[in-house]
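Structure data (mmCIF, C-alpha atoms and all ligand atoms) from final32.cif:
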```cif
data_input
loop_
_atom_site.label_atom_id
_atom_site.label_comp_id
_atom_site.auth_asym_id
_atom_site.auth_seq_id
_atom_site.Cartn_x
_atom_site.Cartn_y
_atom_site.Cartn_z
CA MET C 6 290.20 39.40 -6.96
CA HIS C 7 290.50 38.28 -3.34
CA ARG C 8 291.94 40.78 -0.87
CA GLY C 9 292.79 40.45 2.79
CA GLY C 10 294.80 37.26 2.58
CA TRP C 11 294.08 33.82 4.01
CA PRO C 12 294.52 32.21 7.43
CA ALA C 13 298.24 31.85 8.09
CA TRP C 14 299.90 28.43 8.24
CA PRO C 15 301.29 27.16 10.53
CA SER C 16 298.67 28.38 12.97
CA PHE C 17 299.82 29.48 16.43
CA ASP C 18 299.31 31.92 19.28
CA GLU C 19 300.83 32.73 22.67
CA ARG C 20 299.76 29.32 24.03
CA THR C 21 301.96 27.72 21.38
CA VAL C 22 304.91 29.85 22.42
CA ASP C 23 304.29 29.01 26.10
CA ALA C 24 304.11 25.31 25.29
CA VAL C 25 307.50 25.39 23.62
CA ALA C 26 308.93 27.55 26.41
CA GLY C 27 307.75 24.92 28.89
CA ALA C 28 309.73 22.24 27.09
CA VAL C 29 312.79 24.48 26.93
CA ARG C 30 312.58 25.29 30.64
CA SER C 31 312.19 21.62 31.55
CA GLY C 32 315.90 21.22 30.83
CA ARG C 33 315.29 17.95 28.98
CA TRP C 34 315.20 18.57 25.27
CA THR C 35 314.96 14.99 24.05
CA VAL C 36 313.67 11.62 25.18
CA THR C 37 317.27 10.41 25.28
CA GLY C 38 318.13 13.04 27.90
CA GLY C 39 318.12 12.19 31.63
CA TRP C 40 314.92 11.47 33.58
CA THR C 41 313.44 14.58 35.23
CA GLY C 42 310.66 12.95 37.22
CA VAL C 43 307.89 13.88 34.77
CA ASP C 44 306.78 12.13 31.61
CA THR C 45 308.29 13.33 28.34
CA TYR C 46 306.34 15.57 25.96
CA GLU C 47 307.29 13.02 23.32
CA ARG C 48 305.46 10.18 25.06
CA ARG C 49 302.45 12.33 25.94
CA PHE C 50 302.16 13.26 22.29
CA ALA C 51 302.48 9.63 21.20
CA ASP C 52 299.70 8.56 23.57
CA ARG C 53 297.37 11.29 22.32
CA PHE C 54 298.11 10.63 18.67
CA ALA C 55 297.50 6.89 19.14
CA GLU C 56 294.16 7.78 20.68
CA LEU C 57 293.29 10.05 17.77
CA VAL C 58 294.07 7.31 15.24
CA GLY C 59 292.36 4.68 17.39
CA VAL C 60 295.32 2.31 17.71
CA ARG C 61 297.20 0.90 20.70
CA HIS C 62 300.60 2.34 19.88
CA CYS C 63 302.36 5.37 18.45
CA VAL C 64 306.07 6.19 18.26
CA SER C 65 307.03 9.76 17.44
CA THR C 66 309.84 10.29 14.93
CA ASP C 67 311.87 13.09 13.40
CA HIS C 68 310.31 13.00 9.89
CA GLY C 69 307.62 11.40 7.78
CA SER C 70 310.39 9.95 5.63
CA SER C 71 311.98 8.12 8.56
CA SER C 72 308.52 6.99 9.72
CA LEU C 73 308.15 5.12 6.44
CA VAL C 74 311.62 3.57 6.75
CA LEU C 75 310.87 2.46 10.31
CA ALA C 76 307.54 0.97 9.20
CA LEU C 77 309.25 -1.08 6.48
CA GLU C 78 312.06 -2.22 8.76
CA ALA C 79 309.63 -3.16 11.53
CA LEU C 80 307.86 -5.38 9.00
CA GLY C 81 311.14 -7.02 8.03
CA VAL C 82 311.43 -5.56 4.52
CA GLY C 83 315.03 -5.71 3.39
CA ALA C 84 317.67 -5.96 0.70
CA GLY C 85 316.38 -6.86 -2.75
CA ASP C 86 312.71 -7.08 -1.72
CA GLU C 87 310.01 -5.36 -3.76
CA VAL C 88 307.60 -2.83 -2.27
CA VAL C 89 304.65 -1.65 -4.37
CA VAL C 90 304.19 2.12 -4.34
CA PRO C 91 301.76 4.38 -6.24
CA VAL C 92 303.52 6.37 -8.96
CA LEU C 93 301.66 9.51 -7.89
CA THR C 94 302.98 10.59 -4.46
CA TRP C 95 305.68 12.66 -2.82
CA VAL C 96 309.11 11.22 -3.62
CA ALA C 97 309.74 10.23 0.02
CA THR C 98 307.34 7.28 -0.29
CA ALA C 99 309.73 5.73 -2.80
CA THR C 100 313.01 6.84 -1.23
CA ALA C 101 311.93 5.14 2.01
CA VAL C 102 311.87 1.85 0.08
CA LEU C 103 315.33 2.56 -1.34
CA ASN C 104 316.59 3.36 2.13
CA VAL C 105 315.94 -0.22 3.25
CA ASN C 106 317.75 -1.42 0.11
CA ALA C 107 314.50 -2.64 -1.45
CA VAL C 108 313.05 -1.86 -4.89
CA PRO C 109 310.06 0.49 -5.21
CA VAL C 110 307.73 -0.97 -7.84
CA PHE C 111 305.51 1.78 -9.23
CA VAL C 112 301.87 1.21 -10.10
CA ASP C 113 299.24 3.44 -11.66
CA VAL C 114 296.47 5.17 -9.75
CA ASP C 115 292.70 5.30 -9.71
CA PRO C 116 291.38 8.09 -11.98
CA ALA C 117 288.69 9.04 -9.45
CA THR C 118 290.97 9.61 -6.46
CA GLY C 119 294.56 9.76 -7.67
CA CYS C 120 295.42 7.04 -5.12
CA MET C 121 296.78 3.53 -5.82
CA ALA C 122 294.59 1.47 -8.16
CA PRO C 123 293.88 -1.92 -6.51
CA GLU C 124 293.93 -3.71 -9.90
CA ALA C 125 297.35 -2.25 -10.64
CA LEU C 126 298.56 -3.46 -7.25
CA ALA C 127 297.25 -6.97 -7.95
CA ALA C 128 299.11 -7.02 -11.27
CA ALA C 129 302.39 -5.85 -9.71
CA LEU C 130 302.68 -8.43 -6.92
CA THR C 131 305.47 -10.98 -7.34
CA GLU C 132 307.16 -13.54 -5.13
CA ARG C 133 309.61 -10.85 -4.09
CA THR C 134 306.94 -8.41 -2.88
CA THR C 135 307.19 -8.01 0.90
CA ALA C 136 305.08 -4.88 1.47
CA VAL C 137 302.71 -2.37 -0.11
CA ILE C 138 302.59 1.34 0.67
CA ALA C 139 299.15 2.85 0.16
CA VAL C 140 299.24 6.66 0.06
CA HIS C 141 296.29 8.85 0.97
CA LEU C 142 296.86 11.74 -1.43
CA ASN C 143 295.75 15.39 -1.49
CA CYS C 144 292.23 15.06 -0.01
CA ARG C 145 291.27 11.46 -0.67
CA MET C 146 292.08 8.04 0.75
CA ALA C 147 293.20 4.98 -1.15
CA ASP C 148 290.50 2.30 -1.44
CA MET C 149 291.64 0.46 1.66
CA ASP C 150 289.01 -2.30 1.44
CA ALA C 151 290.22 -3.38 -1.99
CA ILE C 152 293.91 -2.84 -1.28
CA LEU C 153 293.83 -4.78 1.99
CA ALA C 154 291.97 -7.62 0.28
CA VAL C 155 294.49 -7.86 -2.57
CA ALA C 156 297.44 -7.66 -0.18
CA ALA C 157 295.99 -10.15 2.28
CA ALA C 158 295.40 -12.68 -0.49
CA ALA C 159 299.12 -12.44 -1.26
CA GLY C 160 300.09 -12.45 2.42
CA VAL C 161 301.74 -9.04 2.16
CA PRO C 162 301.37 -6.29 4.80
CA VAL C 163 300.17 -2.79 3.93
CA VAL C 164 301.82 0.39 5.23
CA GLU C 165 299.61 3.47 5.09
CA ASP C 166 301.41 6.68 4.16
CA GLY C 167 299.17 9.11 6.01
CA ALA C 168 301.47 12.13 5.64
CA GLN C 169 298.62 14.00 3.94
CA ALA C 170 295.72 12.44 5.83
CA HIS C 171 295.82 13.09 9.59
CA GLY C 172 292.33 12.44 10.94
CA ALA C 173 290.78 11.19 7.69
CA ARG C 174 288.18 8.46 8.30
CA TRP C 175 287.36 5.42 6.17
CA ARG C 176 284.28 3.39 7.19
CA GLY C 177 284.58 4.20 10.86
CA ARG C 178 288.36 3.89 11.05
CA VAL C 179 290.96 6.62 11.02
CA ALA C 180 293.74 6.73 8.40
CA GLY C 181 296.77 4.89 9.76
CA SER C 182 294.73 2.31 11.67
CA LEU C 183 293.74 0.18 8.67
CA GLY C 184 297.11 -1.19 7.58
CA ALA C 185 299.76 -3.00 9.62
CA VAL C 186 301.58 0.29 10.27
CA GLY C 187 300.60 3.91 9.60
CA ALA C 188 303.28 6.53 8.90
CA PHE C 189 302.75 10.27 9.34
CA SER C 190 304.67 13.46 8.61
CA MET C 191 304.51 16.59 10.75
CA GLN C 192 306.53 18.75 8.37
CA GLN C 193 305.49 22.40 8.20
CA GLY C 194 303.12 22.09 5.24
CA LYS C 195 301.10 19.20 6.69
CA VAL C 196 297.83 19.63 8.58
CA LEU C 197 299.48 18.68 11.89
CA THR C 198 302.96 20.09 12.23
CA CYS C 199 305.94 20.96 14.41
CA GLY C 200 308.20 22.06 11.54
CA GLU C 201 309.88 18.71 11.01
CA GLY C 202 308.48 15.62 12.68
CA GLY C 203 306.63 12.38 12.23
CA ALA C 204 304.98 9.39 13.85
CA VAL C 205 304.34 5.70 13.25
CA VAL C 206 301.27 3.93 14.61
CA THR C 207 300.35 0.26 14.93
CA GLY C 208 297.96 -1.99 16.79
CA ASP C 209 300.55 -4.77 16.97
CA ASP C 210 302.59 -5.11 20.19
CA ARG C 211 305.53 -6.83 18.50
CA LEU C 212 305.77 -4.24 15.73
CA TYR C 213 305.55 -1.50 18.34
CA ASP C 214 308.53 -2.86 20.26
CA ARG C 215 310.52 -3.00 17.04
CA LEU C 216 309.48 0.53 16.04
CA VAL C 217 310.58 1.89 19.43
CA GLN C 218 314.03 0.30 19.07
CA LEU C 219 314.41 1.24 15.42
CA ARG C 220 313.70 4.86 16.37
CA ALA C 221 316.24 5.19 19.20
CA ASP C 222 319.45 3.25 18.46
CA SER C 223 318.06 -0.11 19.60
CA ARG C 224 316.81 1.22 22.93
CA ARG C 225 313.32 0.97 24.40
CA TYR C 226 311.46 2.66 27.25
CA ARG C 227 312.20 1.38 30.74
CA ASP C 228 309.43 -0.35 32.63
CA ASP C 229 310.51 1.03 35.99
CA GLU C 230 311.00 4.69 36.88
CA PRO C 231 314.65 5.69 36.48
CA ARG C 232 316.53 7.64 39.13
CA LEU C 233 316.63 11.39 38.48
CA GLY C 234 319.21 12.12 35.78
CA ASP C 235 319.44 8.50 34.64
CA PRO C 236 318.46 7.60 31.06
CA TYR C 237 314.77 7.12 30.34
CA LEU C 238 315.59 4.54 27.64
CA THR C 239 317.27 1.22 28.27
CA ASP C 240 319.43 -0.90 25.97
CA ALA C 241 317.61 -3.65 24.07
CA GLY C 242 319.19 -4.58 20.73
CA ASP C 243 316.52 -6.93 19.39
CA VAL C 244 316.67 -4.95 16.17
CA MET C 245 319.34 -2.51 15.02
CA GLY C 246 318.04 1.03 15.24
CA THR C 247 319.22 4.49 14.36
CA ASN C 248 318.43 7.93 15.78
CA CYS C 249 315.08 9.23 14.52
CA CYS C 250 313.96 10.83 17.79
CA LEU C 251 311.67 13.84 17.95
CA SER C 252 312.95 16.59 20.25
CA GLU C 253 310.96 17.72 23.30
CA PRO C 254 310.24 21.29 22.06
CA GLN C 255 308.85 19.74 18.86
CA ALA C 256 306.66 17.34 20.84
CA ALA C 257 305.39 20.28 22.92
CA LEU C 258 304.52 22.07 19.66
CA LEU C 259 302.63 19.01 18.48
CA LEU C 260 300.63 18.78 21.71
CA ASP C 261 299.59 22.41 21.20
CA GLN C 262 298.71 21.77 17.57
CA LEU C 263 296.74 18.63 18.44
CA ASP C 264 294.42 20.77 20.58
CA ARG C 265 293.50 22.66 17.40
CA LEU C 266 293.39 19.81 14.91
CA GLU C 267 289.82 18.55 15.32
CA ALA C 268 288.24 21.99 14.80
CA GLN C 269 290.50 22.59 11.77
CA LEU C 270 289.62 19.22 10.26
CA GLU C 271 285.91 19.97 10.66
CA ARG C 272 286.29 23.46 9.22
CA ARG C 273 288.16 22.19 6.13
CA GLU C 274 285.76 19.31 5.63
CA LYS C 275 282.85 21.77 5.64
CA ALA C 276 284.67 24.10 3.26
CA ALA C 277 285.50 21.22 0.91
CA ALA C 278 281.86 20.09 0.87
CA PHE C 279 280.85 23.65 -0.03
CA LEU C 280 283.45 23.85 -2.82
CA ASP C 281 282.48 20.38 -4.13
CA ARG C 282 278.89 21.57 -4.39
CA GLU C 283 279.51 25.03 -5.84
CA LEU C 284 282.35 24.15 -8.20
CA GLY C 285 280.28 21.27 -9.51
CA HIS C 286 278.39 23.96 -11.44
CA VAL C 287 281.50 25.43 -13.06
CA ASP C 288 282.02 24.17 -16.57
CA GLY C 289 285.47 22.63 -17.05
CA LEU C 290 286.42 22.18 -13.37
CA HIS C 291 285.58 18.97 -11.52
CA PRO C 292 286.02 18.23 -7.84
CA LEU C 293 287.40 14.72 -7.28
CA GLU C 294 284.86 11.94 -6.89
CA ARG C 295 284.37 10.78 -3.35
CA SER C 296 283.90 7.21 -2.16
CA ALA C 297 280.93 6.69 0.18
CA HIS C 298 283.44 4.90 2.45
CA LEU C 299 285.39 8.12 2.97
CA GLU C 300 283.50 9.37 6.01
CA ARG C 301 285.75 12.31 6.61
CA ALA C 302 288.22 13.74 4.16
CA SER C 303 291.33 15.33 5.65
CA VAL C 304 292.03 18.13 3.21
CA PHE C 305 295.75 18.63 2.70
CA ARG C 306 295.35 20.04 -0.79
CA TYR C 307 291.93 20.57 -2.27
CA ALA C 308 292.10 19.03 -5.74
CA LEU C 309 290.23 20.08 -8.88
CA ARG C 310 290.43 18.33 -12.21
CA CYS C 311 290.60 20.65 -15.23
CA ASP C 312 288.86 19.38 -18.33
CA PRO C 313 291.08 20.67 -21.15
CA GLU C 314 288.28 20.43 -23.71
CA ALA C 315 286.05 22.77 -21.75
CA LEU C 316 288.98 25.08 -20.94
CA ALA C 317 290.16 25.91 -24.44
CA GLY C 318 292.94 23.34 -24.16
CA ARG C 319 294.76 25.36 -21.51
CA PRO C 320 297.08 23.21 -19.36
CA ALA C 321 296.19 22.79 -15.68
CA ALA C 322 299.37 24.62 -14.68
CA VAL C 323 298.14 27.74 -16.52
CA VAL C 324 294.62 27.45 -15.15
CA GLY C 325 295.98 26.95 -11.63
CA GLN C 326 298.26 29.95 -11.94
CA ALA C 327 295.34 32.13 -13.02
CA ILE C 328 293.15 30.94 -10.13
CA GLY C 329 296.09 31.50 -7.79
CA ALA C 330 296.57 35.06 -9.10
CA GLU C 331 292.89 35.82 -8.42
CA LEU C 332 293.13 34.44 -4.90
CA GLY C 333 296.63 35.53 -3.90
CA VAL C 334 297.79 31.98 -3.11
CA ARG C 335 299.89 29.39 -4.89
CA VAL C 336 297.58 27.02 -6.76
CA HIS C 337 299.77 24.37 -8.33
CA PRO C 338 299.81 21.02 -10.14
CA THR C 339 300.20 17.75 -8.27
CA ASP C 340 303.71 16.27 -7.89
CA GLU C 341 305.00 14.80 -11.11
CA PRO C 342 304.58 11.01 -11.40
CA LEU C 343 307.72 9.45 -9.96
CA HIS C 344 308.80 7.56 -13.09
CA ARG C 345 309.56 10.93 -14.70
CA ASN C 346 310.08 13.06 -11.58
CA ALA C 347 313.54 14.66 -11.37
CA LEU C 348 313.59 14.13 -7.59
CA TYR C 349 313.51 10.36 -8.05
CA CYS C 350 317.08 9.68 -9.15
CA PRO C 351 318.51 6.53 -7.49
CA GLN C 352 321.03 6.18 -10.32
CA THR C 353 322.90 9.13 -8.76
CA LYS C 354 323.74 7.13 -5.65
CA GLU C 355 326.48 4.55 -5.44
CA ARG C 356 324.80 2.74 -2.55
CA TYR C 357 322.19 1.41 -5.02
CA ARG C 358 324.86 0.34 -7.50
CA GLY C 359 323.79 -3.30 -7.45
CA LEU C 360 320.14 -2.43 -7.98
CA HIS C 361 320.26 0.06 -10.87
CA ASP C 362 318.87 -2.30 -13.51
CA ARG C 363 316.05 -3.55 -11.33
CA LEU C 364 315.20 -0.01 -10.21
CA ALA C 365 314.99 1.18 -13.79
CA ALA C 366 312.74 -1.74 -14.77
CA ALA C 367 310.43 -1.17 -11.78
CA ALA C 368 310.07 2.52 -12.64
CA ARG C 369 309.34 2.10 -16.34
CA GLY C 370 306.12 3.70 -17.56
CA PRO C 371 303.80 4.44 -19.05
CA PHE C 372 301.37 5.13 -16.20
CA PRO C 373 298.62 6.73 -18.26
CA VAL C 374 296.19 7.58 -15.46
CA ALA C 375 298.82 9.28 -13.31
CA GLU C 376 300.22 11.10 -16.34
CA ARG C 377 296.78 12.39 -17.23
CA LEU C 378 296.04 13.46 -13.66
CA TYR C 379 299.33 15.32 -13.56
CA ASP C 380 298.19 17.23 -16.64
CA GLU C 381 294.74 17.94 -15.21
CA LEU C 382 294.93 18.45 -11.44
CA VAL C 383 295.25 21.79 -9.70
CA LEU C 384 295.65 21.94 -5.92
CA ILE C 385 294.48 24.62 -3.49
CA PRO C 386 296.44 24.68 -0.19
CA HIS C 387 294.63 23.76 3.01
CA ASN C 388 294.93 27.10 4.77
CA VAL C 389 292.50 28.55 2.20
CA LEU C 390 289.88 26.10 3.42
CA LEU C 391 290.22 27.44 6.97
CA ALA C 392 288.77 30.77 5.78
CA GLY C 393 285.27 32.05 6.53
CA ASP C 394 282.28 31.45 4.26
CA GLY C 395 282.50 34.85 2.54
CA ASP C 396 286.10 34.17 1.56
CA LEU C 397 285.17 30.75 0.19
CA ASP C 398 282.71 32.52 -2.12
CA HIS C 399 285.77 34.22 -3.59
CA VAL C 400 287.29 30.82 -4.37
CA VAL C 401 284.17 29.87 -6.31
CA GLU C 402 284.09 33.25 -8.10
CA ALA C 403 287.78 33.01 -9.01
CA CYS C 404 287.38 29.49 -10.41
CA ALA C 405 284.27 30.44 -12.39
CA LYS C 406 285.97 33.55 -13.81
CA VAL C 407 289.10 31.68 -14.87
CA ALA C 408 287.08 28.85 -16.40
CA ALA C 409 284.95 31.29 -18.38
CA LEU C 410 287.98 33.21 -19.66
CA ALA C 411 290.23 30.20 -20.20
CA GLY C 412 290.54 30.93 -23.90
CA SER C 413 292.31 34.22 -23.19
CA LEU C 414 294.78 32.89 -20.59
C1 LIG C 501 305.38 14.94 3.20
C2 LIG C 501 305.24 13.55 2.76
C3 LIG C 501 306.17 12.57 3.13
C4 LIG C 501 307.47 12.85 3.83
O1 LIG C 501 307.39 13.48 5.04
P1 LIG C 501 308.65 14.34 5.61
O2 LIG C 501 308.22 14.67 6.99
O3 LIG C 501 308.79 15.53 4.73
O4 LIG C 501 309.84 13.47 5.58
C5 LIG C 501 305.92 11.26 2.73
N1 LIG C 501 304.84 10.94 2.01
C6 LIG C 501 303.93 11.86 1.63
C7 LIG C 501 302.74 11.43 0.82
C8 LIG C 501 304.11 13.21 1.97
O5 LIG C 501 303.23 14.12 1.56
#
```
Take the structure in the file and give it back as structure tokens.
Amino acid sequence: MHRGGWPAWPSFDERTVDAVAGAVRSGRWTVTGGWTGVDTYERRFADRFAELVGVRHCVSTDHGSSSLVLALEALGVGAGDEVVVPVLTWVATATAVLNVNAVPVFVDVDPATGCMAPEALAAALTERTTAVIAVHLNCRMADMDAILAVAAAAGVPVVEDGAQAHGARWRGRVAGSLGAVGAFSMQQGKVLTCGEGGAVVTGDDRLYDRLVQLRADSRRYRDDEPRLGDPYLTDAGDVMGTNCCLSEPQAALLLDQLDRLEAQLERREKAAAFLDRELGHVDGLHPLERSAHLERASVFRYALRCDPEALAGRPAAVVGQAIGAELGVRVHPTDEPLHRNALYCPQTKERYRGLHDRLAAAARGPFPVAERLYDELVLIPHNVLLAGDGDLDHVVEACAKVAALAGSL
């Protein structure tokens, strides 16, 4: 039994509080407020996040969900189009497609990683496909080499949903920089957070200009310095936008959190390598396989596959609950595959009235790999992996104990 708790999340100290206070005292609480003579927190954050991802451009947003919508709209995805989405992901990946009046077409996932299976993507492409969303899930990345090759052959752009993968690295490139656009969430549970927030990144100048306008009611940054009190954004109208702006106190929070991110990523990566090694010896529990191309995993949720045969047939939910009880954290299954997930319910909305039949057809299972992974995966939250080495021993002990006693759970 683990005592003494785990590192708290979100992680903050007095510097965090001062950073937010600075934004409050600045008197400008959003990028659409008047010019104060100094650069916005929002733009400073965007510059630093672009640098972290290794791309030319970043636009901050209010949510991960809106980041995905902006990405699709920047790419010109629209009414009646099809967008291929892995069936195993958070529901927002699919609702983003609905929110541009397109049809999310679900495909099965790779059994090794839980991320989109490239063969399934290839089989799902049609003449109506106008984009693919590859999701980097839990603590793995989608096989971007294979996915980009399949998509390129069909002339379809790839959006990376990096909401769970800030700072992950695939063959020398950071998650979000491999596809046409990368979308991120900074919601409280994610590894970089300001409560509610997001960002989109791209290396393409034209897409960037569209993303900026889509984010702020068709306005873009001015080239010249405005007079004090005048708007920082100027009317453009090349593409119809809406308001998805991040507020200045949130951007200040993100700048503070960015200072901590690299050390946290390294700490979790080290912890995950330790758990991969040690839990590899526990009968019935299997760390996910890892591609040699995944140079750095960004651990959002550390995933273990439960082998029901070695665990007396106990479901993963029961095994996870028992591990969680030993550790004093919530260890839970992965999100239910979307084709049978209660949160995916477009038939409840009149705005999709004309699409109901196509939506139902595109969401029809079975998706056997995702269904099996749902039955077998348990997820340990990322704050546990920020703990010291002695505490990580407790994770191994708890897993070994539960596995050994599975028959009596
Ligand atoms: C969290 C998450 C989102 C949505 O982000 P919000 O900021 O909550 O809107 C999208 N996709 C994935 C994979 C996520 O985990």
- Check which residues fall inside 6 Å of ligand LIG 501 (chain C) when counting all atoms listed in the file, and print them as a list in words.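 Based on all atoms listed in the file, ligand LIG 501 (chain C) is surrounded within 6 Å by His68, Gly69, Ser70, Thr94, Trp95, Ala97, Thr98, Val140, Asp166, Ala168, Gln169, Ser190, Met191, Gln192, Glu201, Gly202 and Gly203 of chain C.
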- Task: Please tell me which residues are no farther than 9 Å from (291.8, 26.2, 4.9) in the file, counting all atoms listed in the file, and write them as an NGL selection string.
- Result: :C and (11-12 or 269 or 272-273 or 276-277 or 304-305 or 385-393)
- Please provide as an MDAnalysis selection string all residues within 12 Å of Asp235 in chain C, with the sequence filter that same-chain residues fewer than 6 positions apart are discarded (counting only C-alpha atoms). chainID C and resid 33 36:42 227 229
Restricting the output to C-alpha atoms, write the selected residues as an mmCIF file, keeping the file's coordinate frame.
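Result file follows (result-v6.cif):
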```cif
data_model
loop_
_atom_site.group_PDB
_atom_site.id
_atom_site.type_symbol
_atom_site.label_atom_id
_atom_site.label_comp_id
_atom_site.auth_asym_id
_atom_site.auth_seq_id
_atom_site.Cartn_x
_atom_site.Cartn_y
_atom_site.Cartn_z
ATOM 1 C CA ARG C 33 315.290 17.950 28.980
ATOM 2 C CA VAL C 36 313.670 11.620 25.180
ATOM 3 C CA THR C 37 317.270 10.410 25.280
ATOM 4 C CA GLY C 38 318.130 13.040 27.900
ATOM 5 C CA GLY C 39 318.120 12.190 31.630
ATOM 6 C CA TRP C 40 314.920 11.470 33.580
ATOM 7 C CA THR C 41 313.440 14.580 35.230
ATOM 8 C CA GLY C 42 310.660 12.950 37.220
ATOM 9 C CA ARG C 227 312.200 1.380 30.740
ATOM 10 C CA ASP C 229 310.510 1.030 35.990
#
```
- Message: Report, in Å with one decimal, the straight-line distance from CA of Ala51 in chain C to CA of Val22 in chain C.
- Response: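 Atom-to-atom, CA of Ala51 in chain C to CA of Val22 in chain C, that is 20.4 Å.
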- Message: Which residues are near Asn346 in chain C? Cut-off 10 Å, only C-alpha atoms, ignore same chain within fewer than 4 positions. Put them as number ranges by chain.
- Response: C: 92-93, 95-96, 340-342, 350
- Message: List as an MDAnalysis selection string the protein and nucleic acid residues near range 398-400 of chain C, meaning an atom at most 10 Å away when all atoms listed in the file are counted, but skip any in the same chain fewer than 2 places from it.
- Response: chainID C and resid 6:8 279:280 283:284 328:329 331:332 385 389:390 393:396 402:406
- Item | Top pick for closest residue to Ala107 in chain C, considering C:Asp228, C:Pro373, C:His62, C:Arg356 and counting only C-alpha atoms |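 Of C:Asp228, C:Pro373, C:His62, C:Arg356, the one nearest Ala107 in chain C, counting only C-alpha atoms, is C:Arg356.
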Restrict the calculation to all atoms listed in the file, then for each residue of range 38-90 of chain C with any atom at most 10 Å from an atom of range 207-224 of chain C give the closest atom pair and their distance in Å to one decimal, rows by chain and rising residue number, as a Markdown table.
```
| residue | atom | partner | partner_atom | distance |
| --- | --- | --- | --- | --- |
| C:Ala55 | CA | C:Thr207 | CA | 8.4 |
| C:Val58 | CA | C:Thr207 | CA | 9.4 |
| C:Gly59 | CA | C:Gly208 | CA | 8.7 |
| C:Val60 | CA | C:Gly208 | CA | 5.1 |
| C:Arg61 | CA | C:Gly208 | CA | 4.9 |
| C:His62 | CA | C:Thr207 | CA | 5.4 |
| C:Cys63 | CA | C:Thr207 | CA | 6.5 |
| C:Val64 | CA | C:Val217 | CA | 6.3 |
| C:Ser65 | CA | C:Arg220 | CA | 8.3 |
| C:Thr66 | CA | C:Arg220 | CA | 6.8 |
| C:Asp67 | CA | C:Arg220 | CA | 8.9 |
| C:Ser71 | CA | C:Arg220 | CA | 8.6 |
| C:Ser72 | CA | C:Arg220 | CA | 8.7 |
| C:Val74 | CA | C:Leu219 | CA | 9.4 |
| C:Leu75 | CA | C:Leu216 | CA | 6.2 |
| C:Ala76 | CA | C:Leu216 | CA | 7.1 |
| C:Leu77 | CA | C:Leu216 | CA | 9.7 |
| C:Glu78 | CA | C:Leu219 | CA | 7.9 |
| C:Ala79 | CA | C:Arg215 | CA | 5.6 |
| C:Leu80 | CA | C:Leu212 | CA | 7.1 |
| C:Gly81 | CA | C:Leu212 | CA | 9.8 |
```
- What separation in Å, quoted to one decimal, exists between CA of Val206 in chain C and CA of Phe189 in chain C?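 Calculated distance between CA of Val206 in chain C and CA of Phe189 in chain C is 8.4 Å.
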- State, in Å with one decimal place, the distance from CA of Gln255 in chain C to CA of Asp23 in chain C.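 Distance between the two atoms: 12.6 Å.
Compared by their closest atoms to Leu348 in chain C, and using only C-alpha atoms, the residues C:Gly412, C:Val323, C:Gly167, C:Ala99 rank with C:Ala99 nearest.
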- Message: Ranking C:His141, C:Arg319, C:His344, C:Arg232 by minimum distance to Ala188 in chain C and counting all atoms listed in the file, which one comes first?
- Response: C:His141
- Message: Neighbouring residues of Pro254 in chain C were defined as those with any atom within 12 Å, considering all atoms listed in the file; residues of the same chain fewer than 6 positions away were excluded. Please report them as a list in words.
- Response: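 After dropping sequence-adjacent residues, the list is Thr21, Val22, Asp23, Ala24, Val25, Ala26, Gly27, Ala28, Val29, Arg30, Ser31, Gly32, Arg33, Trp34, Thr35, Val36, Thr45, Tyr46, Glu47, Phe50, Cys199, Gly200, Glu201, Gly202, Leu260 and Asp261 of chain C.
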- Task: Using only C-alpha atoms, pick whichever of C:Ala409, C:Ala302, C:Ala327, C:Val163 has the shortest atom-to-atom distance to Val383 in chain C.
- Result: C:Ala327
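Counting only C-alpha atoms, the residue from C:Ala366, C:Phe372, C:Gly333, C:Arg377 that sits nearest to Ala321 in chain C is C:Arg377.
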- Query: Given the choices C:Glu132, C:Ala84, C:Tyr226, C:Val112, which gets closest to Ala241 in chain C if the distance is worked out from all atoms listed in the file?
  - Reply: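 Selected residue with least distance to Ala241 in chain C: C:Tyr226.
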- Message: I want to know what sits within 8 Å of Val374 in chain C, based on only C-alpha atoms, with residues of the same chain fewer than 4 positions away left out; could you give that as a list of chain:residue names?
- Response: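 Here the qualifying residues turn out to be C:Asp113, C:Val114, C:Asp115, C:Pro116, C:Leu378.
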